[in-house]
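Engineer: Just protein-v8.cif, nothing more (mmCIF, C-alpha atoms):
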```cif
data_coords
loop_
_atom_site.group_PDB
_atom_site.id
_atom_site.type_symbol
_atom_site.label_atom_id
_atom_site.label_comp_id
_atom_site.auth_asym_id
_atom_site.auth_seq_id
_atom_site.Cartn_x
_atom_site.Cartn_y
_atom_site.Cartn_z
ATOM 1 C CA THR A 78 -34.242 39.069 -76.573
ATOM 2 C CA VAL A 79 -31.722 40.677 -74.219
ATOM 3 C CA THR A 80 -30.582 38.500 -71.279
ATOM 4 C CA GLY A 81 -28.575 39.306 -68.133
ATOM 5 C CA THR A 82 -27.371 37.832 -64.818
ATOM 6 C CA ALA A 83 -28.347 38.605 -61.266
ATOM 7 C CA ALA A 84 -27.068 37.608 -57.814
ATOM 8 C CA SER A 85 -28.505 34.348 -56.601
ATOM 9 C CA ALA A 86 -31.085 34.565 -53.864
ATOM 10 C CA ASN A 87 -30.011 33.886 -50.289
ATOM 11 C CA TYR A 88 -31.048 30.463 -49.010
ATOM 12 C CA THR A 89 -33.638 30.790 -46.260
ATOM 13 C CA GLY A 90 -34.537 27.159 -45.616
ATOM 14 C CA SER A 91 -33.355 24.751 -42.972
ATOM 15 C CA ALA A 92 -29.598 24.900 -42.325
ATOM 16 C CA ALA A 93 -29.406 21.126 -42.704
ATOM 17 C CA TYR A 94 -30.307 21.471 -46.415
ATOM 18 C CA ASN A 95 -28.276 24.588 -47.268
ATOM 19 C CA PRO A 96 -26.822 23.993 -50.769
ATOM 20 C CA THR A 97 -23.972 26.482 -50.330
ATOM 21 C CA VAL A 98 -20.601 24.948 -51.150
ATOM 22 C CA LEU A 99 -17.667 26.174 -49.068
ATOM 23 C CA ASN A 100 -14.252 26.094 -50.707
ATOM 24 C CA PRO A 101 -11.537 25.185 -48.184
ATOM 25 C CA PRO A 102 -8.338 27.242 -48.202
ATOM 26 C CA ALA A 103 -5.071 25.678 -49.248
ATOM 27 C CA PRO A 104 -3.027 24.044 -46.476
ATOM 28 C CA PRO A 105 -0.640 26.496 -44.810
ATOM 29 C CA GLY A 106 2.415 24.413 -45.644
ATOM 30 C CA PRO A 107 5.548 23.751 -43.553
ATOM 31 C CA ALA A 108 6.646 27.385 -43.615
ATOM 32 C CA ALA A 109 3.462 28.560 -41.915
ATOM 33 C CA LEU A 110 3.178 25.628 -39.506
ATOM 34 C CA PRO A 111 6.561 24.592 -38.053
ATOM 35 C CA THR A 112 6.877 20.929 -37.160
ATOM 36 C CA GLN A 113 10.355 20.932 -35.626
ATOM 37 C CA PHE A 114 11.396 22.589 -32.377
ATOM 38 C CA ALA A 115 14.688 22.819 -30.551
ATOM 39 C CA ILE A 116 14.378 22.103 -26.806
ATOM 40 C CA GLN A 117 17.363 22.120 -24.513
ATOM 41 C CA LEU A 118 17.007 19.262 -22.012
ATOM 42 C CA SER A 119 19.142 18.764 -18.941
ATOM 43 C CA GLY A 120 20.327 15.315 -17.961
ATOM 44 C CA VAL A 121 20.581 16.346 -14.305
ATOM 45 C CA ALA A 122 17.613 15.767 -11.985
ATOM 46 C CA PRO A 123 16.388 19.038 -10.419
ATOM 47 C CA PRO A 124 16.769 19.530 -6.660
ATOM 48 C CA GLY A 125 14.070 17.786 -4.632
ATOM 49 C CA ALA A 126 13.174 15.293 -7.353
ATOM 50 C CA SER A 127 11.918 11.909 -6.209
ATOM 51 C CA ILE A 128 13.194 8.523 -7.194
ATOM 52 C CA THR A 129 12.067 7.269 -10.602
ATOM 53 C CA GLN A 130 8.370 6.393 -10.562
ATOM 54 C CA THR A 131 6.331 4.167 -12.855
ATOM 55 C CA GLY A 132 3.660 5.593 -15.120
ATOM 56 C CA SER A 133 1.004 4.141 -12.815
ATOM 57 C CA PHE A 134 2.287 5.918 -9.714
ATOM 58 C CA PHE A 135 -0.791 8.142 -9.607
ATOM 59 C CA GLY A 136 -4.097 6.365 -9.111
ATOM 60 C CA PHE A 137 -7.580 6.789 -7.716
ATOM 61 C CA SER A 138 -9.219 6.530 -4.315
ATOM 62 C CA ILE A 139 -12.875 5.482 -4.197
ATOM 63 C CA GLU A 140 -14.855 5.579 -0.971
ATOM 64 C CA MET A 141 -15.935 2.046 -0.141
ATOM 65 C CA SER A 142 -19.551 3.089 0.413
ATOM 66 C CA VAL A 143 -20.013 4.205 -3.214
ATOM 67 C CA VAL A 144 -18.305 1.403 -5.150
ATOM 68 C CA ASN A 145 -21.715 0.086 -6.214
ATOM 69 C CA GLN A 146 -22.301 3.429 -7.935
ATOM 70 C CA VAL A 147 -18.865 3.859 -9.514
ATOM 71 C CA LEU A 148 -17.535 0.365 -10.261
ATOM 72 C CA GLY A 149 -20.659 -1.729 -10.739
ATOM 73 C CA LYS A 150 -23.710 -3.201 -9.061
ATOM 74 C CA ASN A 151 -22.191 -6.658 -8.691
ATOM 75 C CA ALA A 152 -19.629 -8.988 -10.258
ATOM 76 C CA SER A 153 -21.732 -9.326 -13.421
ATOM 77 C CA PHE A 154 -22.952 -5.728 -13.838
ATOM 78 C CA LEU A 155 -19.872 -3.532 -14.287
ATOM 79 C CA GLN A 156 -20.035 0.160 -15.101
ATOM 80 C CA VAL A 157 -18.879 0.592 -18.700
ATOM 81 C CA PRO A 158 -17.834 4.273 -18.278
ATOM 82 C CA PHE A 159 -15.452 3.195 -15.497
ATOM 83 C CA LEU A 160 -14.048 0.366 -17.631
ATOM 84 C CA ASN A 161 -13.529 2.758 -20.546
ATOM 85 C CA LEU A 162 -11.703 5.244 -18.324
ATOM 86 C CA MET A 163 -9.455 2.521 -16.931
ATOM 87 C CA ALA A 164 -8.751 1.190 -20.434
ATOM 88 C CA ASN A 165 -7.767 4.663 -21.675
ATOM 89 C CA ILE A 166 -5.391 5.179 -18.736
ATOM 90 C CA GLN A 167 -3.966 1.661 -19.012
ATOM 91 C CA GLN A 168 -3.129 2.325 -22.651
ATOM 92 C CA ARG A 169 -0.835 5.127 -21.505
ATOM 93 C CA THR A 170 0.503 3.846 -18.173
ATOM 94 C CA GLY A 171 0.374 0.057 -18.428
ATOM 95 C CA ARG A 172 -1.826 -0.363 -15.364
ATOM 96 C CA VAL A 173 -4.034 1.591 -12.973
ATOM 97 C CA VAL A 174 -3.909 1.559 -9.163
ATOM 98 C CA VAL A 175 -7.221 2.047 -7.331
ATOM 99 C CA ARG A 176 -7.725 2.252 -3.591
ATOM 100 C CA VAL A 177 -11.138 1.176 -2.298
ATOM 101 C CA GLY A 178 -11.567 2.355 1.277
ATOM 102 C CA GLY A 179 -11.727 5.612 3.174
ATOM 103 C CA ASN A 180 -13.524 6.256 6.445
ATOM 104 C CA THR A 181 -15.972 3.431 5.745
ATOM 105 C CA GLN A 182 -13.215 0.808 5.629
ATOM 106 C CA ASP A 183 -12.593 1.133 9.370
ATOM 107 C CA THR A 184 -16.099 -0.049 10.298
ATOM 108 C CA ALA A 185 -16.929 -2.250 7.294
ATOM 109 C CA VAL A 186 -18.024 -5.809 8.038
ATOM 110 C CA LEU A 187 -17.707 -8.610 5.481
ATOM 111 C CA VAL A 188 -20.803 -10.856 5.574
ATOM 112 C CA ASP A 189 -21.874 -13.848 3.508
ATOM 113 C CA SER A 190 -24.995 -12.098 2.169
ATOM 114 C CA THR A 191 -27.211 -9.067 2.704
ATOM 115 C CA PRO A 192 -30.988 -9.151 3.243
ATOM 116 C CA ASP A 193 -31.702 -7.538 -0.133
ATOM 117 C CA GLY A 194 -29.023 -9.428 -2.058
ATOM 118 C CA ARG A 195 -26.916 -6.360 -2.827
ATOM 119 C CA ILE A 196 -23.141 -6.278 -2.518
ATOM 120 C CA LEU A 197 -23.266 -3.705 0.291
ATOM 121 C CA GLU A 198 -25.705 -2.031 2.645
ATOM 122 C CA LYS A 199 -25.214 1.215 4.562
ATOM 123 C CA ASP A 200 -26.296 1.982 8.111
ATOM 124 C CA LEU A 201 -27.256 5.612 7.650
ATOM 125 C CA SER A 202 -28.438 5.829 11.252
ATOM 126 C CA GLY A 203 -24.930 5.046 12.516
ATOM 127 C CA VAL A 204 -23.064 7.889 10.818
ATOM 128 C CA THR A 205 -20.377 9.244 13.154
ATOM 129 C CA ASN A 206 -17.715 10.769 10.904
ATOM 130 C CA PRO A 207 -17.735 14.480 9.962
ATOM 131 C CA THR A 208 -17.751 13.357 6.314
ATOM 132 C CA GLN A 209 -21.069 11.541 6.920
ATOM 133 C CA THR A 210 -19.693 8.240 5.657
ATOM 134 C CA PRO A 211 -21.852 5.434 7.056
ATOM 135 C CA PRO A 212 -20.904 2.064 8.544
ATOM 136 C CA LEU A 213 -21.602 -0.710 6.081
ATOM 137 C CA ILE A 214 -21.735 -4.433 5.514
ATOM 138 C CA PHE A 215 -20.540 -5.947 2.255
ATOM 139 C CA THR A 216 -20.353 -9.386 0.679
ATOM 140 C CA PRO A 217 -17.591 -11.304 -1.130
ATOM 141 C CA GLU A 218 -19.388 -10.307 -4.341
ATOM 142 C CA LEU A 219 -17.717 -6.905 -3.997
ATOM 143 C CA LEU A 220 -14.297 -8.540 -4.168
ATOM 144 C CA TYR A 221 -15.347 -10.682 -7.135
ATOM 145 C CA MET A 222 -16.463 -7.476 -8.843
ATOM 146 C CA LEU A 223 -12.970 -6.032 -8.393
ATOM 147 C CA ARG A 224 -11.450 -9.235 -9.753
ATOM 148 C CA ASN A 225 -13.686 -9.198 -12.813
ATOM 149 C CA ILE A 226 -12.699 -5.606 -13.503
ATOM 150 C CA SER A 227 -9.046 -6.654 -13.372
ATOM 151 C CA SER A 228 -9.733 -9.457 -15.829
ATOM 152 C CA LEU A 229 -10.807 -6.819 -18.373
ATOM 153 C CA VAL A 230 -8.410 -3.963 -17.613
ATOM 154 C CA ASN A 231 -5.141 -4.055 -15.681
ATOM 155 C CA VAL A 232 -6.344 -2.526 -12.411
ATOM 156 C CA ARG A 233 -4.501 -3.246 -9.140
ATOM 157 C CA TRP A 234 -6.209 -2.690 -5.806
ATOM 158 C CA HIS A 235 -5.525 -1.317 -2.341
ATOM 159 C CA LEU A 236 -8.013 -2.362 0.352
ATOM 160 C CA GLY A 237 -8.183 -1.653 4.079
ATOM 161 C CA ILE A 238 -8.415 -3.790 7.206
ATOM 162 C CA PRO A 239 -11.073 -2.444 9.636
ATOM 163 C CA PHE A 240 -9.421 -0.638 12.519
ATOM 164 C CA ASN A 241 -12.317 0.195 14.814
ATOM 165 C CA ASP A 242 -11.826 -2.900 16.994
ATOM 166 C CA THR A 243 -8.138 -3.649 17.377
ATOM 167 C CA ALA A 244 -8.789 -6.247 20.055
ATOM 168 C CA ASN A 245 -10.669 -8.366 17.509
ATOM 169 C CA PHE A 246 -9.410 -7.589 14.029
ATOM 170 C CA ARG A 247 -11.806 -8.570 11.245
ATOM 171 C CA LEU A 248 -9.395 -10.189 8.801
ATOM 172 C CA ARG A 249 -11.831 -11.697 6.288
ATOM 173 C CA ILE A 250 -11.159 -8.860 3.838
ATOM 174 C CA ALA A 251 -7.488 -9.860 3.910
ATOM 175 C CA GLU A 252 -8.279 -13.579 3.674
ATOM 176 C CA LEU A 253 -10.741 -13.325 0.780
ATOM 177 C CA GLY A 254 -8.939 -10.372 -0.756
ATOM 178 C CA GLU A 255 -5.789 -12.433 -1.256
ATOM 179 C CA GLN A 256 -7.774 -15.487 -2.326
ATOM 180 C CA ILE A 257 -9.966 -13.702 -4.890
ATOM 181 C CA LEU A 258 -7.724 -10.909 -6.151
ATOM 182 C CA GLY A 259 -4.384 -12.718 -6.034
ATOM 183 C CA ASP A 260 -1.598 -10.561 -7.438
ATOM 184 C CA TYR A 261 -4.098 -7.807 -8.245
ATOM 185 C CA LEU A 262 -4.169 -6.993 -4.520
ATOM 186 C CA MET A 263 -1.245 -4.642 -3.918
ATOM 187 C CA GLY A 264 -1.759 -3.644 -0.320
ATOM 188 C CA LEU A 265 -3.937 -3.520 2.798
ATOM 189 C CA GLN A 266 -4.207 -0.261 4.694
ATOM 190 C CA ALA A 267 -3.754 -0.509 8.452
ATOM 191 C CA GLY A 268 -6.095 2.232 9.563
ATOM 192 C CA ASN A 269 -7.412 5.287 7.753
ATOM 193 C CA GLU A 270 -6.120 8.625 9.063
ATOM 194 C CA PRO A 271 -5.385 7.452 12.618
ATOM 195 C CA ASP A 272 -4.255 10.953 13.536
ATOM 196 C CA LEU A 273 -7.903 12.028 13.200
ATOM 197 C CA TYR A 274 -9.347 9.209 15.306
ATOM 198 C CA VAL A 275 -9.517 11.434 18.391
ATOM 199 C CA ASP A 276 -11.194 14.299 16.518
ATOM 200 C CA HIS A 277 -13.738 11.864 15.072
ATOM 201 C CA GLY A 278 -14.491 10.331 18.462
ATOM 202 C CA HIS A 279 -13.000 6.917 17.650
ATOM 203 C CA ARG A 280 -10.214 6.932 20.259
ATOM 204 C CA PRO A 281 -9.680 8.519 23.693
ATOM 205 C CA PRO A 282 -8.089 11.994 23.868
ATOM 206 C CA THR A 283 -4.707 10.536 24.881
ATOM 207 C CA TYR A 284 -4.381 8.461 21.688
ATOM 208 C CA GLY A 285 -1.122 9.239 19.898
ATOM 209 C CA PRO A 286 1.510 7.859 17.502
ATOM 210 C CA TYR A 287 2.807 5.312 20.021
ATOM 211 C CA ASP A 288 -0.718 3.974 20.502
ATOM 212 C CA TYR A 289 -1.065 3.486 16.754
ATOM 213 C CA PHE A 290 2.366 1.827 16.736
ATOM 214 C CA GLY A 291 1.099 -0.649 19.331
ATOM 215 C CA GLU A 292 -2.127 -1.332 17.443
ATOM 216 C CA LEU A 293 -0.216 -2.088 14.278
ATOM 217 C CA GLY A 294 1.834 -4.573 16.292
ATOM 218 C CA LEU A 295 -1.400 -6.294 17.327
ATOM 219 C CA LEU A 296 -2.447 -6.477 13.681
ATOM 220 C CA VAL A 297 0.889 -7.988 12.672
ATOM 221 C CA GLN A 298 0.448 -10.616 15.380
ATOM 222 C CA ALA A 299 -3.124 -11.355 14.259
ATOM 223 C CA LEU A 300 -2.030 -11.819 10.651
ATOM 224 C CA ALA A 301 0.843 -14.049 11.734
ATOM 225 C CA GLY A 302 -1.660 -16.344 13.395
ATOM 226 C CA ASP A 303 -4.055 -16.473 10.453
ATOM 227 C CA ALA A 304 -3.224 -19.319 8.076
ATOM 228 C CA ASN A 305 -5.812 -17.993 5.596
ATOM 229 C CA VAL A 306 -3.650 -14.922 4.902
ATOM 230 C CA PRO A 307 -0.616 -16.380 3.125
ATOM 231 C CA ASN A 308 0.965 -13.034 2.188
ATOM 232 C CA LYS A 309 1.554 -11.196 5.448
ATOM 233 C CA ASN A 310 3.649 -8.305 4.129
ATOM 234 C CA LEU A 311 0.982 -6.284 2.303
ATOM 235 C CA LEU A 312 0.313 -3.708 5.007
ATOM 236 C CA ILE A 313 0.224 0.011 4.260
ATOM 237 C CA GLY A 314 0.802 2.602 6.965
ATOM 238 C CA PRO A 315 0.692 4.932 8.748
ATOM 239 C CA ASN A 316 -1.879 6.612 6.450
ATOM 240 C CA VAL A 317 -1.864 9.800 8.511
ATOM 241 C CA ASN A 318 -3.660 12.905 7.320
ATOM 242 C CA SER A 319 -0.801 15.138 8.549
ATOM 243 C CA GLY A 320 -3.311 16.919 10.724
ATOM 244 C CA ASP A 321 -2.615 16.341 14.403
ATOM 245 C CA TRP A 322 0.403 14.140 13.646
ATOM 246 C CA THR A 323 3.222 14.528 11.180
ATOM 247 C CA PRO A 324 4.725 11.468 9.483
ATOM 248 C CA GLU A 325 7.941 12.165 11.399
ATOM 249 C CA MET A 326 6.095 11.685 14.690
ATOM 250 C CA VAL A 327 5.209 8.161 13.546
ATOM 251 C CA TRP A 328 8.720 7.436 12.233
ATOM 252 C CA ASN A 329 10.095 8.435 15.646
ATOM 253 C CA THR A 330 8.261 5.521 17.264
ATOM 254 C CA GLY A 331 10.495 3.086 15.370
ATOM 255 C CA PHE A 332 7.583 2.298 13.052
ATOM 256 C CA VAL A 333 9.599 1.605 9.900
ATOM 257 C CA ASP A 334 12.357 -0.494 11.480
ATOM 258 C CA SER A 335 9.939 -2.495 13.612
ATOM 259 C CA TYR A 336 7.448 -3.355 10.875
ATOM 260 C CA SER A 337 9.504 -3.296 7.683
ATOM 261 C CA GLN A 338 8.907 -7.042 7.155
ATOM 262 C CA SER A 339 5.149 -6.504 7.195
ATOM 263 C CA LEU A 340 4.874 -3.255 5.243
ATOM 264 C CA ALA A 341 4.400 -3.120 1.488
ATOM 265 C CA TYR A 342 4.189 0.689 1.380
ATOM 266 C CA LEU A 343 4.551 3.753 3.555
ATOM 267 C CA ALA A 344 1.695 6.162 2.962
ATOM 268 C CA VAL A 345 0.326 9.516 4.037
ATOM 269 C CA GLU A 346 -2.952 11.115 2.974
ATOM 270 C CA GLN A 347 -2.839 14.739 1.891
ATOM 271 C CA TYR A 348 -5.770 16.704 0.500
ATOM 272 C CA VAL A 349 -5.059 19.553 -1.895
#
```
Would you put the structure from the file into structure tokens?

Structural biologist:
Amino acid sequence: TVTGTAASANYTGSAAYNPTVLNPPAPPGPAALPTQFAIQLSGVAPPGASITQTGSFFGFSIEMSVVNQVLGKNASFLQVPFLNLMANIQQRTGRVVVRVGGNTQDTAVLVDSTPDGRILEKDLSGVTNPTQTPPLIFTPELLYMLRNISSLVNVRWHLGIPFNDTANFRLRIAELGEQILGDYLMGLQAGNEPDLYVDHGHRPPTYGPYDYFGELGLLVQALAGDANVPNKNLLIGPNVNSGDWTPEMVWNTGFVDSYSQSLAYLAVEQYV
């Protein structure tokens, strides 16, 4: 009997069960894939370079009104995706700096508890900012949530002291912030974008850099008289948006020299 060969039939079944065996090509080898490169580096800093910064110089800013969506629901229920992100960054930079604040920090009120037991509640009927950020109340549980995050990943925090009533500063966020967060609290913002207060309807039309300078002086005095705020040099300012004011307009008030003993950082806010 005469026999012969023929091409095998093409497989037409499910791709998951395709019996075709693919033969990988040989590795390209060092000649085809160079692994050494010559790069000429200069030991001279380029013009305009800043001072040396740590790997954690860049951080995050999270609007205070959404921390229960981003960070966690409370001190026991933390958002795992956020923890994973912080852990990945910490592995490369050593620590992560996160600012919790924004427009909502200026009107936020720290209370012992909320009617529904949540860590914060928003007053959506009282929205006044162009960004539609609402006034809110929050509980110490929010600060314990930040502390518990820092116990798992090396996150340091910036908070903000409410600046909507400078005749009666609400300092509980500073008091409990230092007590609960300890060294994980890096700074306390004194106002959020004060150069936009007039545009947002939070100050009279005549409000300017010298008015902010005076309000910061009132805050320094209030902190000096509060025995529950042991570390009184954590302030951050002027936090201008560089809209109606430039940082230089604030420096010209004597801001830095007058408050250097109270300031932890000088800061501006720039959106790109």

Engineer: For this structure, which residues satisfy the selection - the PyMOL selection byres ((chain A and resi 127-138) around 10) - when it is evaluated on the file as given? I want them as a count of residues only.

Structural biologist: 25

Engineer: List the residues selected by the PyMOL selection byres ((chain A and resi 300) around 12) in the file shown, writing them as a PyMOL selection string.

Structural biologist: chain A and resi 238+245-252+265+267+293-299+301-312+339

Engineer: Near segment 185-201 of chain A, within 9 Å and counting all atoms listed in the file, which residues show up once chain neighbours fewer than 4 positions away are dropped, as a compact mmCIF listing (two decimals) with C-alpha atoms, in the frame of the given file?

Structural biologist:
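Everything below was put into result-v3.txt:
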```txt
# COMPACT_ATOMS: atom_id res chain seq x y z
CA MET A 141 -15.94 2.05 -0.14
CA SER A 142 -19.55 3.09 0.41
CA VAL A 144 -18.30 1.40 -5.15
CA ASN A 145 -21.72 0.09 -6.21
CA LYS A 150 -23.71 -3.20 -9.06
CA ASN A 151 -22.19 -6.66 -8.69
CA ALA A 152 -19.63 -8.99 -10.26
CA THR A 181 -15.97 3.43 5.74
CA GLN A 209 -21.07 11.54 6.92
CA THR A 210 -19.69 8.24 5.66
CA PRO A 211 -21.85 5.43 7.06
CA PRO A 212 -20.90 2.06 8.54
CA LEU A 213 -21.60 -0.71 6.08
CA ILE A 214 -21.74 -4.43 5.51
CA PHE A 215 -20.54 -5.95 2.26
CA THR A 216 -20.35 -9.39 0.68
CA PRO A 217 -17.59 -11.30 -1.13
CA GLU A 218 -19.39 -10.31 -4.34
CA LEU A 219 -17.72 -6.90 -4.00
CA ILE A 238 -8.41 -3.79 7.21
CA PRO A 239 -11.07 -2.44 9.64
CA ARG A 247 -11.81 -8.57 11.24
CA ARG A 249 -11.83 -11.70 6.29
CA ILE A 250 -11.16 -8.86 3.84
```

Engineer: Have a look at atom CA of His279 of chain A and atom CA of Phe240 of chain A and let me know their distance in Å, one decimal.

Structural biologist: 9.8 Å

Engineer: Since I can't run it myself right now, could you work out what the PyMOL selection byres ((chain A and resi 270-276) around 10) selects here and report it as a PyMOL selection string?

Structural biologist: chain A and resi 179-180+183+206-207+240-241+267-269+277-286+288-289+314-324+327+345-347

Engineer: What is the atom CA of Leu110 of chain A to atom CA of Asn165 of chain A distance in Å?

Structural biologist: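 Atom CA of Asn165 of chain A lies at a distance of 29.6 Å from atom CA of Leu110 of chain A.
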
Engineer: Restricting the calculation to all atoms listed in the file: of A:Gly237, A:Pro107, A:Gly331, A:Gly203, which residue gets closest to Phe290 of chain A?

Structural biologist: A:Gly331

Engineer: Between atom CA of Gln266 of chain A and atom CA of Asn161 of chain A, measure the distance and give it in Å to one decimal.

Structural biologist: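 Separating atom CA of Gln266 of chain A from atom CA of Asn161 of chain A is a distance of 27.1 Å.
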
Engineer: Give, as lines of an AutoDock Vina configuration file, the centre coordinates and the x, y and z edge lengths in Å to one decimal for an axis-aligned box around all listed atoms of segment 287-295 of chain A, padded by 5 Å on each side.

Structural biologist:
```
center_x = 0.3
center_y = -0.5
center_z = 17.4
size_x = 14.9
size_y = 21.6
size_z = 16.2
```

Engineer: Distance cut-off 7 Å, centre (-4.7, -6.9, -2.8) in file coordinates, counting all atoms listed in the file: which residues qualify? Return them as a ChimeraX atom specification.

Structural biologist: /A:234-236,254-255,258-265

Engineer: Some atoms are missing, so please complete segment 322-340 of chain A with N, CA, C and O atoms and return it as an mmCIF file, in the coordinates of the input.

Structural biologist:
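Writing done, so here's out.cif:
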```cif
data_model
loop_
_atom_site.group_PDB
_atom_site.id
_atom_site.type_symbol
_atom_site.label_atom_id
_atom_site.label_comp_id
_atom_site.auth_asym_id
_atom_site.auth_seq_id
_atom_site.Cartn_x
_atom_site.Cartn_y
_atom_site.Cartn_z
ATOM 1 N N TRP A 322 -0.926 14.760 13.646
ATOM 2 C CA TRP A 322 0.403 14.140 13.646
ATOM 3 C C TRP A 322 1.108 14.474 12.341
ATOM 4 O O TRP A 322 0.483 14.670 11.303
ATOM 5 N N THR A 323 2.423 14.496 12.402
ATOM 6 C CA THR A 323 3.222 14.528 11.180
ATOM 7 C C THR A 323 3.757 13.116 10.944
ATOM 8 O O THR A 323 3.846 12.313 11.875
ATOM 9 N N PRO A 324 4.122 12.783 9.721
ATOM 10 C CA PRO A 324 4.725 11.468 9.483
ATOM 11 C C PRO A 324 5.951 11.239 10.358
ATOM 12 O O PRO A 324 6.179 10.120 10.840
ATOM 13 N N GLU A 325 6.731 12.309 10.591
ATOM 14 C CA GLU A 325 7.941 12.165 11.399
ATOM 15 C C GLU A 325 7.628 11.708 12.825
ATOM 16 O O GLU A 325 8.416 10.982 13.442
ATOM 17 N N MET A 326 6.481 12.110 13.346
ATOM 18 C CA MET A 326 6.095 11.685 14.690
ATOM 19 C C MET A 326 5.873 10.177 14.735
ATOM 20 O O MET A 326 6.156 9.531 15.745
ATOM 21 N N VAL A 327 5.387 9.615 13.619
ATOM 22 C CA VAL A 327 5.209 8.161 13.546
ATOM 23 C C VAL A 327 6.554 7.483 13.333
ATOM 24 O O VAL A 327 6.859 6.456 13.950
ATOM 25 N N TRP A 328 7.397 8.043 12.457
ATOM 26 C CA TRP A 328 8.720 7.436 12.233
ATOM 27 C C TRP A 328 9.497 7.356 13.552
ATOM 28 O O TRP A 328 10.218 6.388 13.786
ATOM 29 N N ASN A 329 9.337 8.378 14.396
ATOM 30 C CA ASN A 329 10.095 8.435 15.646
ATOM 31 C C ASN A 329 9.706 7.337 16.642
ATOM 32 O O ASN A 329 10.411 7.132 17.632
ATOM 33 N N THR A 330 8.629 6.638 16.393
ATOM 34 C CA THR A 330 8.261 5.521 17.264
ATOM 35 C C THR A 330 9.051 4.259 16.938
ATOM 36 O O THR A 330 8.939 3.258 17.654
ATOM 37 N N GLY A 331 9.828 4.291 15.847
ATOM 38 C CA GLY A 331 10.495 3.086 15.370
ATOM 39 C C GLY A 331 9.628 2.289 14.419
ATOM 40 O O GLY A 331 9.907 1.112 14.137
ATOM 41 N N PHE A 332 8.586 2.932 13.899
ATOM 42 C CA PHE A 332 7.583 2.298 13.052
ATOM 43 C C PHE A 332 8.201 1.545 11.883
ATOM 44 O O PHE A 332 7.921 0.363 11.654
ATOM 45 N N VAL A 333 9.056 2.204 11.128
ATOM 46 C CA VAL A 333 9.599 1.605 9.900
ATOM 47 C C VAL A 333 10.498 0.417 10.219
ATOM 48 O O VAL A 333 10.353 -0.676 9.640
ATOM 49 N N ASP A 334 11.436 0.597 11.148
ATOM 50 C CA ASP A 334 12.357 -0.494 11.480
ATOM 51 C C ASP A 334 11.628 -1.691 12.091
ATOM 52 O O ASP A 334 11.955 -2.840 11.800
ATOM 53 N N SER A 335 10.628 -1.410 12.911
ATOM 54 C CA SER A 335 9.939 -2.495 13.612
ATOM 55 C C SER A 335 9.053 -3.317 12.689
ATOM 56 O O SER A 335 8.913 -4.531 12.871
ATOM 57 N N TYR A 336 8.454 -2.669 11.682
ATOM 58 C CA TYR A 336 7.448 -3.355 10.875
ATOM 59 C C TYR A 336 7.826 -3.466 9.395
ATOM 60 O O TYR A 336 6.974 -3.753 8.560
ATOM 61 N N SER A 337 9.087 -3.273 9.093
ATOM 62 C CA SER A 337 9.504 -3.296 7.683
ATOM 63 C C SER A 337 9.182 -4.620 7.004
ATOM 64 O O SER A 337 8.928 -4.658 5.791
ATOM 65 N N GLN A 338 9.189 -5.732 7.750
ATOM 66 C CA GLN A 338 8.907 -7.042 7.155
ATOM 67 C C GLN A 338 7.426 -7.223 6.846
ATOM 68 O O GLN A 338 7.064 -8.142 6.096
ATOM 69 N N SER A 339 6.599 -6.377 7.406
ATOM 70 C CA SER A 339 5.149 -6.504 7.195
ATOM 71 C C SER A 339 4.590 -5.433 6.276
ATOM 72 O O SER A 339 3.449 -5.551 5.811
ATOM 73 N N LEU A 340 5.371 -4.395 6.015
ATOM 74 C CA LEU A 340 4.874 -3.255 5.243
ATOM 75 C C LEU A 340 5.208 -3.386 3.760
ATOM 76 O O LEU A 340 6.350 -3.643 3.388
#
```
